[in-house]
file model-v5.tsv (TSV, C-alpha atoms)
chain	number	residue	atom	x	y	z
A	191	MET	CA	81.10	57.53	13.27
A	192	GLN	CA	82.55	55.26	15.97
A	193	GLN	CA	84.33	58.27	17.53
A	194	ALA	CA	81.04	60.13	17.94
A	195	GLY	CA	79.51	57.13	19.70
A	196	ASN	CA	82.44	56.94	22.12
A	197	TYR	CA	82.13	60.67	22.87
A	198	ILE	CA	78.44	60.29	23.69
A	199	ASN	CA	79.17	57.34	26.01
A	200	ILE	CA	81.92	59.28	27.80
A	201	CYS	CA	79.68	62.35	28.27
A	202	TYR	CA	76.79	60.18	29.49
A	203	THR	CA	79.08	58.44	31.99
A	204	MET	CA	80.40	61.79	33.23
A	205	ASP	CA	76.86	63.09	33.70
A	206	ILE	CA	75.84	60.02	35.72
A	207	SER	CA	79.03	60.25	37.78
A	208	TYR	CA	78.46	63.94	38.44
A	209	GLY	CA	74.85	63.18	39.38
A	210	PHE	CA	76.06	60.66	41.97
A	211	ASP	CA	78.55	63.28	43.21
A	212	ILE	CA	75.73	65.77	43.74
A	213	ILE	CA	73.69	63.14	45.59
A	214	GLY	CA	76.79	62.38	47.66
A	215	TYR	CA	77.34	66.04	48.46
A	216	TYR	CA	73.75	66.41	49.68
A	217	GLY	CA	73.61	62.88	51.13
A	218	THR	CA	73.75	64.06	54.74
A	219	LEU	CA	70.75	66.30	54.15
A	220	PHE	CA	68.82	63.44	52.52
A	221	GLN	CA	69.70	61.18	55.45
A	222	ALA	CA	68.53	63.75	58.01
A	223	LEU	CA	65.27	64.16	56.10
A	224	ILE	CA	64.75	60.38	56.07
A	225	VAL	CA	65.34	60.24	59.83
A	226	LEU	CA	62.93	63.11	60.45
A	227	PHE	CA	60.32	61.51	58.20
A	228	VAL	CA	60.57	58.21	60.09
A	229	ILE	CA	60.45	59.76	63.59
A	230	HIS	CA	58.11	62.69	62.85
A	231	THR	CA	55.23	61.28	64.90
A	232	ASN	CA	57.14	61.66	68.17
A	233	ASN	CA	57.98	65.31	68.83
A	234	ASN	CA	60.23	64.44	71.77
A	235	ILE	CA	62.42	62.16	69.66
A	236	VAL	CA	62.49	64.76	66.86
A	237	PHE	CA	63.65	67.36	69.39
A	238	ILE	CA	66.36	65.11	70.86
A	239	TYR	CA	67.62	64.02	67.43
A	240	THR	CA	67.72	67.61	66.15
A	241	LEU	CA	69.39	68.97	69.28
A	242	CYS	CA	72.01	66.22	69.37
A	243	TRP	CA	72.63	66.57	65.61
A	244	LEU	CA	73.32	70.28	66.13
A	245	LEU	CA	75.56	69.53	69.11
A	246	SER	CA	77.41	66.99	66.98
A	247	ASN	CA	78.06	69.72	64.42
A	248	LEU	CA	79.45	72.01	67.11
A	249	PHE	CA	81.61	69.15	68.38
A	250	ASN	CA	82.94	68.67	64.85
A	251	ASN	CA	84.04	72.30	64.71
A	252	LEU	CA	85.66	71.99	68.13
A	253	LEU	CA	87.57	68.91	66.97
A	254	LYS	CA	88.66	70.66	63.75
A	255	ILE	CA	90.09	73.70	65.53
A	256	THR	CA	91.71	71.50	68.18
A	257	ILE	CA	93.31	68.97	65.82
A	258	LYS	CA	94.11	71.55	63.08
A	259	GLN	CA	94.76	68.97	60.37
A	260	GLY	CA	94.56	70.56	56.95
A	261	ARG	CA	92.66	69.35	53.96
A	262	PRO	CA	94.42	67.45	51.18
A	263	PRO	CA	96.22	69.47	48.51
A	264	ASN	CA	94.93	69.78	44.93
A	265	GLN	CA	91.24	69.88	45.74
A	266	VAL	CA	88.88	69.60	42.79
A	267	HIS	CA	86.77	72.74	42.77
A	268	THR	CA	83.15	72.55	41.68
A	269	ASP	CA	80.20	74.87	41.52
A	270	ILE	CA	78.23	72.77	44.03
A	271	GLU	CA	80.24	73.60	47.11
A	272	LYS	CA	82.38	76.17	48.81
A	273	ILE	CA	84.86	75.20	51.51
A	274	CYS	CA	84.19	77.15	54.69
A	275	HIS	CA	86.86	75.57	56.90
A	276	ASN	CA	90.56	75.02	56.27
A	277	TYR	CA	90.70	72.00	58.55
A	278	GLY	CA	89.55	68.57	57.51
A	279	MET	CA	89.82	66.33	60.59
A	280	PRO	CA	87.28	64.87	61.15
A	281	SER	CA	85.05	65.00	58.09
A	282	TYR	CA	81.89	66.96	58.87
A	283	GLN	CA	79.84	65.20	56.18
A	284	MET	CA	80.82	61.74	57.32
A	285	GLN	CA	80.22	62.60	60.95
A	286	CYS	CA	76.71	63.83	60.10
A	287	SER	CA	76.13	60.84	57.85
A	288	ALA	CA	77.18	58.22	60.37
A	289	PHE	CA	75.26	60.05	63.12
A	290	SER	CA	72.01	59.72	61.17
A	291	ILE	CA	72.71	56.15	60.05
A	292	ALA	CA	73.47	54.94	63.58
A	293	PHE	CA	70.59	56.80	65.22
A	294	LEU	CA	68.04	55.61	62.66
A	295	PHE	CA	69.21	52.02	62.70
A	296	TYR	CA	69.23	51.68	66.48
A	297	THR	CA	65.87	53.46	66.73
A	298	THR	CA	64.13	51.34	64.08
A	299	MET	CA	66.33	48.22	63.70
A	300	SER	CA	65.32	48.38	60.03
A	301	TYR	CA	67.85	46.84	57.68
A	302	ARG	CA	66.09	48.39	54.68
A	303	LEU	CA	66.60	51.88	56.09
A	304	LEU	CA	70.16	50.90	56.99
A	305	VAL	CA	70.86	49.97	53.37
A	306	VAL	CA	69.30	53.16	51.95
A	307	THR	CA	71.06	55.50	54.37
A	308	SER	CA	74.34	53.59	54.03
A	309	ILE	CA	74.24	53.94	50.24
A	310	LEU	CA	73.82	57.69	50.69
A	311	GLY	CA	76.69	57.62	53.19
A	312	GLY	CA	78.85	55.71	50.73
A	313	LEU	CA	78.12	58.25	48.00
A	314	SER	CA	79.06	61.06	50.42
A	315	PHE	CA	82.29	59.26	51.37
A	316	HIS	CA	83.17	58.77	47.71
A	317	GLN	CA	82.37	62.39	46.79
A	318	ARG	CA	84.48	63.82	49.63
A	319	TYR	CA	87.43	61.59	48.70
A	320	LYS	CA	87.11	62.03	44.93
A	321	TYR	CA	87.10	65.82	45.16
A	322	ARG	CA	89.97	65.68	47.68
A	323	ARG	CA	88.03	67.50	50.38
A	324	HIS	CA	89.29	64.97	52.93
A	325	THR	CA	91.89	62.28	53.31
A	326	PHE	CA	90.77	58.69	53.80
A	327	GLN	CA	91.77	58.97	57.48
A	328	GLN	CA	89.66	62.12	57.97
A	329	LEU	CA	86.65	60.38	56.43
A	330	VAL	CA	87.06	57.27	58.60
A	331	VAL	CA	87.49	59.29	61.81
A	332	GLY	CA	84.41	61.37	60.94
A	333	THR	CA	82.45	58.17	60.37
A	334	ILE	CA	83.54	56.69	63.69
A	335	VAL	CA	82.82	59.88	65.68
A	336	GLY	CA	79.41	60.30	64.03
A	337	GLY	CA	78.46	56.67	64.59
A	338	ILE	CA	79.33	56.88	68.28
A	339	LEU	CA	77.41	60.15	68.71
A	340	GLY	CA	74.37	58.71	66.88
A	341	TRP	CA	74.45	55.67	69.17
A	342	ILE	CA	74.72	57.92	72.26
A	343	THR	CA	71.73	59.92	71.02
A	344	TYR	CA	69.76	56.69	70.67
A	345	LEU	CA	70.73	55.75	74.23
A	346	ILE	CA	69.51	59.15	75.47
A	347	VAL	CA	66.13	58.54	73.81
A	348	LYS	CA	65.99	55.03	75.27
A	349	ILE	CA	66.97	56.16	78.80
A	350	LEU	CA	64.42	58.99	78.73
A	351	LYS	CA	61.78	56.57	77.39
A	352	VAL	CA	60.29	59.17	75.06
call {"tool": "encode", "arguments": {"input": "model-v5.tsv", "output": "structure tokens"}}
result
Amino acid sequence: MQQAGNYINICYTMDISYGFDIIGYYGTLFQALIVLFVIHTNNNIVFIYTLCWLLSNLFNNLLKITIKQGRPPNQVHTDIEKICHNYGMPSYQMQCSAFSIAFLFYTTMSYRLLVVTSILGGLSFHQRYKYRRHTFQQLVVGTIVGGILGWITYLIVKILKV
């Protein structure tokens, strides 16, 4: 009977872990939705955030094809994602994540929102590393690039006084 109890605990733990992995995979989307919810009353800021977020994504692709650093070997394949790019430097998810975190924090100076979006970012970081989609270095560089671009986007909003 003890063996059955251990099996149930292991399965339950795996389900929770996989649930966090799914949240981590979609974390950048959740973060973007949080940002848009917070800034939705100012169409100009929504436009600037969205435009700069899209430009950040294009910049990520430019960096990937310029640097040409491959992804780690032995990736864990799941049914929640398909890899569309062979290059991993910098991490797209972490760049998007840090972009939203930085922009939202500087725009609102809310530590509560910083904690929520950072937890989502941490889950994304963990998911990308756990499934070997990126090396630690690729994740860190993506985070740094995204944070800088999010801060620049905030500065654009501040300079334009929208």
call {"tool": "closest_residue", "arguments": {"input": "model-v5.tsv", "among": "A:Ala288, A:Ile212, A:Met279, A:Ile349", "to": "Leu313 (chain A)", "atoms": "all atoms listed in the file"}}
result
A:Ile212
call {"tool": "atom_distance", "arguments": {"input": "model-v5.tsv", "atom1": "CA of Thr231 (chain A)", "atom2": "CA of Ile342 (chain A)"}}
result
21.1 Å
call {"tool": "atom_distance", "arguments": {"input": "model-v5.tsv", "atom1": "CA of Asn276 (chain A)", "atom2": "CA of Asn264 (chain A)"}}
result
13.2 Å
call {"tool": "closest_residue", "arguments": {"input": "model-v5.tsv", "among": "A:Tyr208, A:Gln328, A:Leu303, A:Phe293", "to": "Gln259 (chain A)", "atoms": "only C-alpha atoms"}}
result
A:Gln328
call {"tool": "closest_residue", "arguments": {"input": "model-v5.tsv", "among": "A:Lys320, A:Thr333, A:Gln327, A:Cys286", "to": "Val266 (chain A)", "atoms": "only C-alpha atoms"}}
result
A:Lys320
call {"tool": "closest_residue", "arguments": {"input": "model-v5.tsv", "among": "A:Tyr277, A:Gly311, A:Val347, A:Arg322", "to": "Leu252 (chain A)", "atoms": "only C-alpha atoms"}}
result
A:Tyr277
call {"tool": "atom_distance", "arguments": {"input": "model-v5.tsv", "atom1": "CA of Leu329 (chain A)", "atom2": "CA of Ile224 (chain A)"}}
result
21.9 Å
call {"tool": "closest_residue", "arguments": {"input": "model-v5.tsv", "among": "A:Tyr216, A:Trp243, A:Tyr319, A:Phe227", "to": "Pro262 (chain A)", "atoms": "only C-alpha atoms"}}
result
A:Tyr319
call {"tool": "residues_around", "arguments": {"input": "model-v5.tsv", "residues": "Tyr239 (chain A)", "least_positions_apart": "2", "cutoff": "12 Å", "atoms": "all atoms listed in the file", "output": "MDAnalysis selection string"}}
result
chainID A and resid 222:223 225:226 228:230 232:237 241:246 286 289:294 297 339:347 352
call {"tool": "residues_around", "arguments": {"input": "model-v5.tsv", "residues": "region 280-283 of chain A", "least_positions_apart": "2", "cutoff": "10 Å", "atoms": "all atoms listed in the file", "output": "VMD selection string"}}
result
chain A and resid 214 to 219 246 to 251 253 to 254 257 to 259 261 277 to 278 285 to 289 311 314 to 315 318 323 to 336
call {"tool": "axis_aligned_box", "arguments": {"input": "model-v5.tsv", "around": "region 244-256 of chain A", "padding_each_side": "4 Å", "output": "JSON"}}
result
{"center_x": 82.5, "center_y": 70.3, "center_z": 66.4, "size_x": 26.4, "size_y": 14.7, "size_z": 13.4}
